[in-house]
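The file work_27.cif contains mmCIF, C-alpha atoms and all ligand atoms:
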```cif
data_query
#
loop_
_atom_site.label_atom_id
_atom_site.label_comp_id
_atom_site.auth_asym_id
_atom_site.auth_seq_id
_atom_site.Cartn_x
_atom_site.Cartn_y
_atom_site.Cartn_z
CA MET X 1042 -11.19 336.60 -125.03
CA LEU X 1043 -10.55 337.98 -128.50
CA TYR X 1044 -9.55 341.60 -128.96
CA GLN X 1045 -10.19 343.52 -132.11
CA PRO X 1046 -7.05 345.39 -133.27
CA LEU X 1047 -7.40 349.14 -133.73
CA ILE X 1048 -8.15 350.16 -137.29
CA PRO X 1049 -6.02 353.02 -138.69
CA PRO X 1050 -7.90 356.33 -138.23
CA ASP X 1051 -7.99 357.22 -141.95
CA TYR X 1052 -10.71 354.57 -142.50
CA ALA X 1053 -13.07 356.65 -140.34
CA SER X 1054 -13.00 359.56 -142.80
CA LEU X 1055 -14.03 357.52 -145.86
CA SER X 1056 -17.40 358.26 -147.44
CA GLU X 1057 -19.98 355.63 -148.37
CA ALA X 1058 -18.92 355.99 -152.02
CA ASP X 1059 -15.26 355.42 -151.04
CA PHE X 1060 -16.18 352.21 -149.23
CA VAL X 1061 -18.18 350.90 -152.17
CA GLU X 1062 -15.45 351.74 -154.65
CA ARG X 1063 -12.60 350.30 -152.56
CA ILE X 1064 -14.41 347.13 -151.42
CA GLU X 1065 -15.56 346.39 -154.98
CA ARG X 1066 -12.00 346.95 -156.23
CA ARG X 1067 -10.69 344.42 -153.71
CA ARG X 1068 -13.38 341.90 -154.70
CA GLN X 1069 -12.39 342.18 -158.34
CA GLU X 1070 -8.71 341.96 -157.54
CA PHE X 1071 -9.20 338.73 -155.53
CA GLY X 1072 -11.75 337.24 -157.93
CA SER X 1073 -12.55 333.61 -157.13
CA ARG X 1074 -9.84 333.50 -154.42
CA LEU X 1075 -12.22 335.37 -152.10
CA VAL X 1076 -15.74 334.59 -150.92
CA ILE X 1077 -17.76 336.97 -148.75
CA LEU X 1078 -20.58 335.35 -146.75
CA GLY X 1079 -23.32 337.46 -145.14
CA HIS X 1080 -25.85 336.42 -142.50
CA HIS X 1081 -29.36 337.84 -142.94
CA TYR X 1082 -28.97 340.05 -139.85
CA GLN X 1083 -26.14 342.05 -141.40
CA GLN X 1084 -26.77 345.69 -142.24
CA ASN X 1085 -27.47 346.58 -145.89
CA ASP X 1086 -24.16 348.44 -146.14
CA VAL X 1087 -22.43 345.09 -145.65
CA ILE X 1088 -24.82 342.58 -147.20
CA ARG X 1089 -24.54 344.38 -150.56
CA PHE X 1090 -20.99 342.98 -150.88
CA ALA X 1091 -21.85 339.36 -149.98
CA ASP X 1092 -21.34 336.67 -152.61
CA PHE X 1093 -23.78 334.51 -150.67
CA THR X 1094 -26.36 335.35 -148.02
CA GLY X 1095 -28.16 332.90 -145.78
CA ASP X 1096 -29.20 331.68 -142.38
CA SER X 1097 -26.68 329.87 -140.25
CA LEU X 1098 -27.43 326.48 -141.85
CA LYS X 1099 -27.20 327.72 -145.42
CA LEU X 1100 -23.96 329.59 -144.75
CA ALA X 1101 -22.42 326.50 -143.14
CA GLN X 1102 -23.41 324.45 -146.20
CA ILE X 1103 -21.99 327.09 -148.56
CA ALA X 1104 -18.73 327.25 -146.59
CA ALA X 1105 -18.45 323.44 -146.79
CA ARG X 1106 -18.66 323.61 -150.60
CA GLN X 1107 -15.79 326.06 -151.03
CA VAL X 1108 -12.71 324.55 -152.68
CA GLY X 1109 -9.75 326.39 -154.12
CA VAL X 1110 -10.73 329.56 -152.27
CA GLU X 1111 -8.00 331.33 -150.28
CA CYS X 1112 -10.14 333.42 -148.00
CA ILE X 1113 -13.69 333.49 -146.66
CA VAL X 1114 -14.66 336.78 -145.08
CA PHE X 1115 -17.51 335.91 -142.77
CA CYS X 1116 -19.93 338.77 -142.16
CA GLY X 1117 -21.74 337.24 -139.23
CA VAL X 1118 -20.75 336.31 -135.69
CA HIS X 1119 -17.92 334.31 -134.18
CA PHE X 1120 -19.58 330.88 -133.88
CA MET X 1121 -20.54 331.02 -137.57
CA ALA X 1122 -16.95 331.78 -138.58
CA GLU X 1123 -15.76 328.89 -136.39
CA SER X 1124 -18.14 326.52 -138.20
CA ALA X 1125 -16.91 327.81 -141.55
CA ASP X 1126 -13.31 327.20 -140.47
CA MET X 1127 -14.10 323.63 -139.40
CA LEU X 1128 -15.98 322.85 -142.60
CA THR X 1129 -13.23 324.10 -144.90
CA ASP X 1130 -9.75 322.95 -145.66
CA ASN X 1131 -6.86 324.36 -143.59
CA SER X 1132 -5.67 326.26 -146.66
CA VAL X 1133 -8.80 328.47 -146.48
CA ALA X 1134 -8.43 331.44 -144.12
CA VAL X 1135 -11.74 332.36 -142.47
CA ILE X 1136 -11.74 336.00 -141.41
CA LEU X 1137 -14.19 337.71 -139.07
CA PRO X 1138 -13.91 341.43 -139.90
CA ASP X 1139 -14.46 342.47 -136.26
CA LEU X 1140 -13.41 340.09 -133.48
CA SER X 1141 -15.92 341.62 -131.11
CA ALA X 1142 -18.78 340.20 -133.19
CA GLY X 1143 -19.72 337.44 -130.78
CA CYS X 1144 -23.08 336.02 -129.73
CA SER X 1145 -24.21 336.54 -126.14
CA MET X 1146 -26.30 333.37 -126.28
CA ALA X 1147 -23.31 331.27 -127.32
CA ASP X 1148 -21.39 332.71 -124.35
CA MET X 1149 -24.06 331.39 -121.95
CA ALA X 1150 -22.74 327.82 -122.13
CA GLU X 1151 -19.11 327.35 -121.08
CA ILE X 1152 -17.40 324.01 -121.35
CA ASP X 1153 -16.69 323.65 -117.59
CA GLN X 1154 -20.33 324.30 -116.81
CA VAL X 1155 -21.46 321.78 -119.42
CA GLU X 1156 -19.10 319.13 -118.05
CA ASP X 1157 -20.40 319.71 -114.51
CA ALA X 1158 -23.97 319.49 -115.79
CA TRP X 1159 -23.18 316.25 -117.59
CA ASP X 1160 -21.77 314.69 -114.39
CA MET X 1161 -24.85 315.71 -112.42
CA LEU X 1162 -27.35 314.54 -115.07
CA SER X 1163 -25.56 311.25 -115.75
CA SER X 1164 -25.43 310.40 -112.08
CA ALA X 1165 -29.15 311.16 -111.68
CA THR X 1166 -30.35 308.71 -114.35
CA ASP X 1167 -29.37 305.47 -116.10
CA GLU X 1168 -31.26 306.52 -119.22
CA LYS X 1169 -29.19 307.60 -122.22
CA ILE X 1170 -29.01 311.38 -122.58
CA ILE X 1171 -28.14 312.82 -126.01
CA PRO X 1172 -26.58 316.30 -125.89
CA ILE X 1173 -27.67 318.56 -128.74
CA THR X 1174 -26.29 322.03 -129.18
CA TYR X 1175 -27.74 324.81 -131.26
CA VAL X 1176 -24.98 325.94 -133.65
CA ASN X 1177 -25.03 329.21 -131.69
CA SER X 1178 -22.38 327.79 -129.38
CA ALA X 1179 -18.59 327.68 -129.13
CA ALA X 1180 -16.68 324.96 -130.97
CA ASN X 1181 -15.75 323.22 -127.70
CA ILE X 1182 -19.46 322.79 -126.85
CA LYS X 1183 -20.02 321.26 -130.29
CA ALA X 1184 -17.01 319.01 -129.61
CA PHE X 1185 -18.55 317.92 -126.30
CA CYS X 1186 -21.73 316.93 -128.10
CA GLY X 1187 -19.77 315.14 -130.83
CA ASP X 1188 -17.89 313.15 -128.15
CA HIS X 1189 -21.11 312.11 -126.37
CA ASP X 1190 -23.11 310.68 -129.30
CA GLY X 1191 -24.83 314.02 -129.81
CA GLY X 1192 -24.78 316.69 -132.46
CA CYS X 1193 -25.74 320.18 -133.56
CA CYS X 1194 -28.83 321.76 -134.97
CA THR X 1195 -29.84 325.10 -136.40
CA SER X 1196 -33.22 326.77 -136.21
CA SER X 1197 -33.95 325.29 -139.67
CA ASN X 1198 -33.57 321.67 -138.64
CA ALA X 1199 -33.98 321.47 -134.85
CA SER X 1200 -37.06 319.21 -134.96
CA MET X 1201 -35.40 316.77 -137.35
CA VAL X 1202 -32.28 316.61 -135.16
CA LEU X 1203 -34.30 316.17 -131.94
CA ARG X 1204 -36.35 313.40 -133.53
CA HIS X 1205 -33.18 311.53 -134.50
CA ALA X 1206 -31.75 312.11 -131.02
CA LEU X 1207 -34.81 310.54 -129.41
CA GLU X 1208 -34.33 307.48 -131.58
CA GLU X 1209 -30.78 307.17 -130.21
CA GLY X 1210 -31.49 307.91 -126.55
CA GLU X 1211 -34.21 308.48 -123.98
CA LYS X 1212 -33.51 312.09 -123.04
CA ILE X 1213 -32.06 315.21 -124.60
CA LEU X 1214 -29.84 317.87 -123.07
CA PHE X 1215 -30.47 320.93 -125.26
CA LEU X 1216 -27.85 323.72 -125.27
CA PRO X 1217 -27.67 326.71 -125.00
CA ASP X 1218 -31.04 328.21 -126.06
CA GLN X 1219 -33.87 327.11 -123.82
CA HIS X 1220 -36.39 328.77 -126.15
CA LEU X 1221 -35.45 327.00 -129.37
CA GLY X 1222 -35.34 323.76 -127.36
CA ARG X 1223 -38.72 324.31 -125.71
CA ASN X 1224 -40.47 325.53 -128.87
CA THR X 1225 -39.13 322.64 -130.92
CA ALA X 1226 -39.87 319.93 -128.37
CA TYR X 1227 -43.38 321.30 -127.79
CA ALA X 1228 -44.09 321.29 -131.53
CA MET X 1229 -43.06 317.60 -131.42
CA ASP X 1230 -45.82 316.95 -128.86
CA ILE X 1231 -43.53 316.79 -125.85
CA PRO X 1232 -45.52 318.50 -123.08
CA LEU X 1233 -44.00 321.35 -121.07
CA ASP X 1234 -44.13 319.29 -117.88
CA GLN X 1235 -41.64 316.86 -119.45
CA MET X 1236 -39.09 319.65 -119.86
CA VAL X 1237 -36.89 321.00 -117.08
CA LEU X 1238 -34.53 323.95 -116.98
CA TYR X 1239 -30.89 323.46 -115.99
CA ASP X 1240 -29.50 326.69 -114.58
CA PRO X 1241 -25.67 326.64 -114.67
CA GLN X 1242 -25.60 329.39 -112.03
CA GLU X 1243 -27.28 327.14 -109.44
CA LEU X 1244 -26.00 324.14 -107.51
CA ASP X 1245 -26.83 320.99 -109.54
CA GLY X 1246 -28.49 323.25 -112.07
CA GLY X 1247 -31.31 323.83 -109.58
CA LEU X 1248 -32.67 320.33 -110.29
CA THR X 1249 -33.24 317.29 -108.12
CA PRO X 1250 -32.28 313.83 -109.44
CA GLN X 1251 -36.00 312.97 -109.56
CA GLN X 1252 -36.74 315.98 -111.79
CA VAL X 1253 -33.99 314.79 -114.15
CA ARG X 1254 -35.42 311.24 -114.20
CA ASP X 1255 -38.93 312.54 -114.94
CA ALA X 1256 -37.83 314.83 -117.81
CA LYS X 1257 -37.62 314.05 -121.50
CA VAL X 1258 -35.84 317.28 -122.38
CA ILE X 1259 -33.37 319.13 -120.18
CA LEU X 1260 -33.11 322.72 -121.39
CA TRP X 1261 -30.03 324.83 -120.72
CA LYS X 1262 -30.82 328.23 -119.26
CA GLY X 1263 -29.59 330.37 -122.15
CA HIS X 1264 -31.40 332.83 -124.38
CA CYS X 1265 -31.08 335.41 -127.12
CA SER X 1266 -31.51 338.86 -125.65
CA VAL X 1267 -32.66 340.22 -129.03
CA HIS X 1268 -35.49 337.72 -129.56
CA LEU X 1269 -36.62 337.91 -125.94
CA LEU X 1270 -37.64 341.52 -126.59
CA PHE X 1271 -40.70 340.22 -128.45
CA THR X 1272 -43.62 339.56 -126.10
CA ALA X 1273 -47.03 337.90 -126.19
CA ASP X 1274 -48.49 341.39 -125.58
CA HIS X 1275 -46.94 342.56 -128.86
CA CYS X 1276 -48.86 339.76 -130.62
CA ASP X 1277 -52.14 340.77 -128.92
CA GLN X 1278 -51.61 344.44 -129.74
CA ARG X 1279 -50.87 343.74 -133.41
CA ARG X 1280 -53.92 341.53 -133.83
CA ALA X 1281 -56.15 344.03 -132.04
CA ALA X 1282 -54.89 346.79 -134.36
CA ASP X 1283 -55.33 344.68 -137.49
CA PRO X 1284 -57.01 341.24 -137.46
CA ASP X 1285 -55.61 340.50 -140.96
CA VAL X 1286 -51.98 340.74 -139.89
CA GLN X 1287 -49.96 337.52 -139.91
CA ILE X 1288 -47.36 337.07 -137.22
CA ILE X 1289 -44.16 335.22 -138.08
CA VAL X 1290 -41.37 334.80 -135.55
CA HIS X 1291 -37.98 333.19 -135.05
CA PRO X 1292 -38.06 330.18 -132.68
CA GLU X 1293 -35.56 331.90 -130.36
CA CYS X 1294 -38.59 333.90 -129.16
CA ASP X 1295 -40.29 332.93 -125.91
CA TRP X 1296 -42.76 330.02 -126.05
CA SER X 1297 -45.73 332.34 -125.32
CA VAL X 1298 -44.83 334.41 -128.42
CA VAL X 1299 -44.44 331.36 -130.67
CA GLN X 1300 -47.82 330.08 -129.45
CA LYS X 1301 -49.50 333.34 -130.41
CA ALA X 1302 -47.70 333.59 -133.76
CA ASP X 1303 -49.12 332.15 -136.97
CA LEU X 1304 -45.75 330.82 -138.10
CA ALA X 1305 -42.28 330.26 -136.67
CA GLY X 1306 -39.02 329.35 -138.37
CA SER X 1307 -35.44 330.28 -139.16
CA THR X 1308 -34.44 333.50 -140.88
CA GLU X 1309 -34.39 331.69 -144.24
CA TYR X 1310 -37.88 330.32 -143.58
CA ILE X 1311 -39.18 333.79 -142.69
CA ILE X 1312 -37.75 335.23 -145.92
CA LYS X 1313 -39.15 332.48 -148.13
CA THR X 1314 -42.61 332.65 -146.50
CA ILE X 1315 -42.88 336.39 -147.02
CA GLU X 1316 -41.51 336.18 -150.57
CA LYS X 1317 -44.23 333.67 -151.47
CA ALA X 1318 -47.03 335.63 -149.77
CA PRO X 1319 -49.53 337.48 -151.97
CA ALA X 1320 -49.30 341.22 -152.63
CA GLY X 1321 -51.29 343.15 -150.05
CA SER X 1322 -50.56 340.69 -147.25
CA LYS X 1323 -49.56 342.16 -143.90
CA TRP X 1324 -46.82 340.82 -141.67
CA ALA X 1325 -45.56 341.46 -138.16
CA VAL X 1326 -42.13 339.87 -137.95
CA GLY X 1327 -40.42 338.76 -134.75
CA THR X 1328 -36.76 338.79 -135.63
CA GLU X 1329 -33.75 341.07 -135.95
CA ILE X 1330 -34.48 344.55 -137.31
CA ASN X 1331 -32.00 344.60 -140.21
CA LEU X 1332 -33.73 341.60 -141.74
CA VAL X 1333 -37.21 343.01 -141.10
CA ASN X 1334 -36.28 346.36 -142.71
CA ARG X 1335 -34.73 344.60 -145.72
CA LEU X 1336 -37.86 342.49 -146.20
CA ALA X 1337 -39.96 345.65 -146.13
CA GLU X 1338 -37.68 347.35 -148.70
CA ASN X 1339 -37.68 344.31 -150.99
CA HIS X 1340 -41.46 343.81 -150.89
CA PRO X 1341 -43.10 347.22 -151.19
CA ASP X 1342 -46.34 345.48 -152.28
CA LYS X 1343 -46.70 343.96 -148.78
CA THR X 1344 -46.90 345.58 -145.36
CA ILE X 1345 -43.98 344.31 -143.30
CA GLN X 1346 -43.21 345.63 -139.84
CA SER X 1347 -41.37 344.53 -136.75
CA LEU X 1348 -43.59 342.75 -134.24
CA ALA X 1349 -42.05 344.85 -131.46
CA THR X 1350 -42.32 348.54 -130.83
CA VAL X 1351 -38.73 348.59 -129.53
CA GLN X 1352 -35.65 348.34 -131.76
CA CYS X 1353 -34.57 344.66 -131.85
CA LEU X 1354 -31.02 345.00 -133.11
CA CYS X 1355 -28.29 342.39 -132.71
CA THR X 1356 -25.52 344.75 -131.69
CA THR X 1357 -22.78 342.18 -132.19
CA MET X 1358 -23.86 341.43 -135.76
CA TYR X 1359 -23.88 345.20 -136.24
CA ARG X 1360 -20.18 345.39 -135.35
CA ILE X 1361 -19.43 344.23 -138.87
CA ASP X 1362 -19.52 347.40 -140.94
CA PRO X 1363 -17.96 348.59 -144.22
CA LYS X 1364 -14.97 349.97 -142.32
CA HIS X 1365 -14.04 346.60 -140.79
CA LEU X 1366 -14.83 344.77 -144.02
CA LEU X 1367 -12.56 347.03 -146.10
CA TRP X 1368 -9.80 346.95 -143.48
CA SER X 1369 -9.78 343.14 -143.44
CA LEU X 1370 -9.64 343.01 -147.25
CA ASP X 1371 -6.83 345.57 -147.33
CA GLU X 1372 -4.88 343.60 -144.74
CA PHE X 1373 -5.32 340.41 -146.72
CA ALA X 1374 -4.18 342.20 -149.88
CA ALA X 1375 -1.06 343.31 -147.99
CA GLY X 1376 -0.19 339.66 -147.31
CA ARG X 1377 -1.48 339.54 -143.74
CA THR X 1378 -4.38 337.46 -142.44
CA PRO X 1379 -6.20 339.63 -139.91
CA ASN X 1380 -8.72 338.17 -137.46
CA ARG X 1381 -8.30 334.63 -138.72
CA ILE X 1382 -10.65 332.27 -136.88
CA THR X 1383 -9.08 328.88 -136.28
CA VAL X 1384 -10.41 326.05 -134.19
CA PRO X 1385 -7.63 323.95 -132.61
CA ASP X 1386 -7.30 320.47 -134.16
CA GLU X 1387 -8.29 318.52 -131.05
CA VAL X 1388 -11.54 320.53 -130.73
CA ARG X 1389 -12.15 320.56 -134.46
CA ARG X 1390 -12.13 316.76 -134.81
CA SER X 1391 -14.95 316.22 -132.29
CA ALA X 1392 -16.90 319.35 -133.23
CA LEU X 1393 -16.86 318.25 -136.86
CA VAL X 1394 -18.46 314.98 -135.82
CA ALA X 1395 -21.36 317.01 -134.38
CA LEU X 1396 -21.62 319.35 -137.37
CA GLU X 1397 -21.37 316.58 -139.92
CA ARG X 1398 -23.98 314.49 -138.13
CA MET X 1399 -26.35 317.42 -138.60
CA LEU X 1400 -25.38 318.09 -142.22
CA SER X 1401 -25.71 314.42 -143.19
CA GLN X 1402 -29.19 314.26 -141.60
CA VAL X 1403 -30.19 317.42 -143.47
CA ALA X 1404 -28.95 315.91 -146.73
CA LYS X 1405 -31.15 312.86 -146.17
CA GLU X 1406 -34.45 314.58 -145.50
CA PRO X 1407 -36.31 317.71 -146.51
CA VAL X 1408 -36.38 320.33 -143.77
CA ALA X 1409 -39.70 321.54 -142.41
CA ALA X 1410 -40.30 324.53 -140.16
CA LYS X 1411 -43.33 324.84 -137.84
P1 LIG W 1501 -30.64 331.42 -138.15
O1 LIG W 1501 -30.29 329.99 -137.83
O2 LIG W 1501 -32.06 331.61 -138.47
O3 LIG W 1501 -29.70 331.99 -139.12
O4 LIG W 1501 -30.45 332.23 -136.80
C1 LIG W 1501 -29.19 332.47 -136.28
C2 LIG W 1501 -29.27 333.43 -135.21
O5 LIG W 1501 -28.30 333.80 -134.62
C3 LIG W 1501 -30.58 333.93 -134.86
O6 LIG W 1501 -30.49 334.76 -133.78
FE1 LIG W 1502 -26.76 335.63 -130.96
FE2 LIG W 1502 -29.23 336.59 -130.67
FE3 LIG W 1502 -27.44 337.95 -132.13
FE4 LIG W 1502 -28.48 335.63 -133.02
S1 LIG W 1502 -29.58 337.56 -132.66
S2 LIG W 1502 -26.33 336.24 -133.07
S3 LIG W 1502 -28.67 334.48 -131.08
S4 LIG W 1502 -27.33 337.51 -129.89
#
```
Mind turning this structure into structure tokens?
Ligand code: 13P
Ligand code: SF4
Amino acid sequence: MLYQPLIPPDYASLSEADFVERIERRRQEFGSRLVILGHHYQQNDVIRFADFTGDSLKLAQIAARQVGVECIVFCGVHFMAESADMLTDNSVAVILPDLSAGCSMADMAEIDQVEDAWDMLSSATDEKIIPITYVNSAANIKAFCGDHDGGCCTSSNASMVLRHALEEGEKILFLPDQHLGRNTAYAMDIPLDQMVLYDPQELDGGLTPQQVRDAKVILWKGHCSVHLLFTADHCDQRRAADPDVQIIVHPECDWSVVQKADLAGSTEYIIKTIEKAPAGSKWAVGTEINLVNRLAENHPDKTIQSLATVQCLCTTMYRIDPKHLLWSLDEFAAGRTPNRITVPDEVRRSALVALERMLSQVAKEPVAAK
């Protein structure tokens, strides 16, 4: 468990203008020694300072390209900072401005549970199972996949990674997001009755050996609590209110929502699709609210609203705010390295195998969303 140190109280009294002035001053002072990365779900007050913005795949690729940089401040969540640490040289310090910025989905797969699942699944079948983990997972889960001929994927490249995996083996264990796994496999023409759900809270995952033998894809029972707030009813209500609206959702949404949507894809895919859409087009977007609001601000010629009527905010992403960003820059300027995210060498080696398998596949083929 990581604990965020207390920030000196004087930061709380700074105005928005103070934050802008002081963060910009630090950026200038560090120059090319510092890179700030911002995930699309970050609040505007943070994303304005990012040198690069992107989805989890793009940010991992950008991190991997950084040479000669001393510090990457990662405005995103813990698993993203871990990937950045693994993809950069040891001389680069990767800092997460608030250590409590985790991802509840990533926490749903723990290494002991995954090892128990592997024992159960491997004893149920002689067929080769390839473990694939969504990058929204801890480094030790990535390492497990790297050590068992598997790899990682992001929401931008899940279908490509699953296709490769099914060339290497007969079955897939997909961690930790059942929804991305189900939506991707279904879009690849794998029927729902060839997918089973492994529940780590139940004995043997709640599966019989026969169910394992009959399945093509074994989905881990994990989910994103933000994307599960979008429902099929929201899609029906939007269409009833306006038949011209187009519904675009992230594939972490439930299968029933993705089926009712017009389009599904990663955050980067959602942004590009809406950017390219004609003026006057209308969009109901099933993803995190900071991104939806930013899209609406950036495209006043289009109608862009959240698909849900409730506020779908990723509260852990939201932990990164100007106060924590400035504090981490000030600490670094004072010669300290606050909140450095480091993956131990023995985990890093195997996890890198998984990450690099994904990145090399991406480099070889163009990525397509649904
Ligand atoms: P992207 O891969 O689209 O960046 O999504 C990451 C994420 O955490 C979505 O909830
Ligand atoms: Fe994790 Fe969901 Fe937040 Fe993405 S939106 S970081 S999956 S909790």
query: Counting all atoms listed in the file, which of X:Cys1144, X:Cys1193, X:Met1161, X:Val1267 gets nearest to Val1394 of chain X?
result: X:Cys1193
task: Give as JSON, numbers by chain the set of residues within 12 Å of the point (-28.4, 342.6, -134.7), where distances use the file's coordinates and only C-alpha atoms.
output: {"X": [1080, 1081, 1082, 1083, 1084, 1085, 1116, 1117, 1118, 1142, 1143, 1144, 1145, 1265, 1266, 1267, 1268, 1328, 1329, 1330, 1331, 1332, 1333, 1334, 1352, 1353, 1354, 1355, 1356, 1357, 1358, 1359, 1360, 1361, 1362]}
field: Close residues, segment 1096-1101 of chain X itself excluded, 8 Å, all atoms listed in the file, min 3 positions apart in chain, as a ChimeraX atom specification
entry: /X:1078-1081,1093,1104-1105,1121,1124-1125,1128,1176,1195,1197,1307-1309
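Restricting the calculation to only C-alpha atoms and all ligand atoms, the smallest distance between ligand LIG 1501 (chain W) and any of X:Ala1147, X:Ala1179, X:Ile1259, X:Met1229 is found for X:Ala1147.
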query: At most 12 Å from (-30.0, 309.9, -128.7), file frame, only C-alpha atoms: which residues, as a ChimeraX atom specification?
result: /X:1168-1173,1186-1187,1189-1192,1202-1215,1257-1258
statement: Judged by only C-alpha atoms, the minimum distance to Ala1165 of chain X among X:Glu1151, X:Asp1255, X:Glu1070, X:Asp1188 is found for X:Asp1255
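Counting all atoms listed in the file, the residue from X:Glu1111, X:Glu1338, X:Glu1387, X:Asp1148 that sits nearest to Phe1373 of chain X is X:Glu1111.
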- line: In Å and to one decimal, atom CA of Asn1224 of chain X is distant from atom CA of Gln1154 of chain X by 23.5 Å
field: Selected residue, from X:Leu1162, X:Ile1113, X:Leu1370, X:Val1388, that lies nearest to Asp1245 of chain X when counting all atoms listed in the file
entry: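 Result for the nearest residue to Asp1245 of chain X: X:Leu1162.
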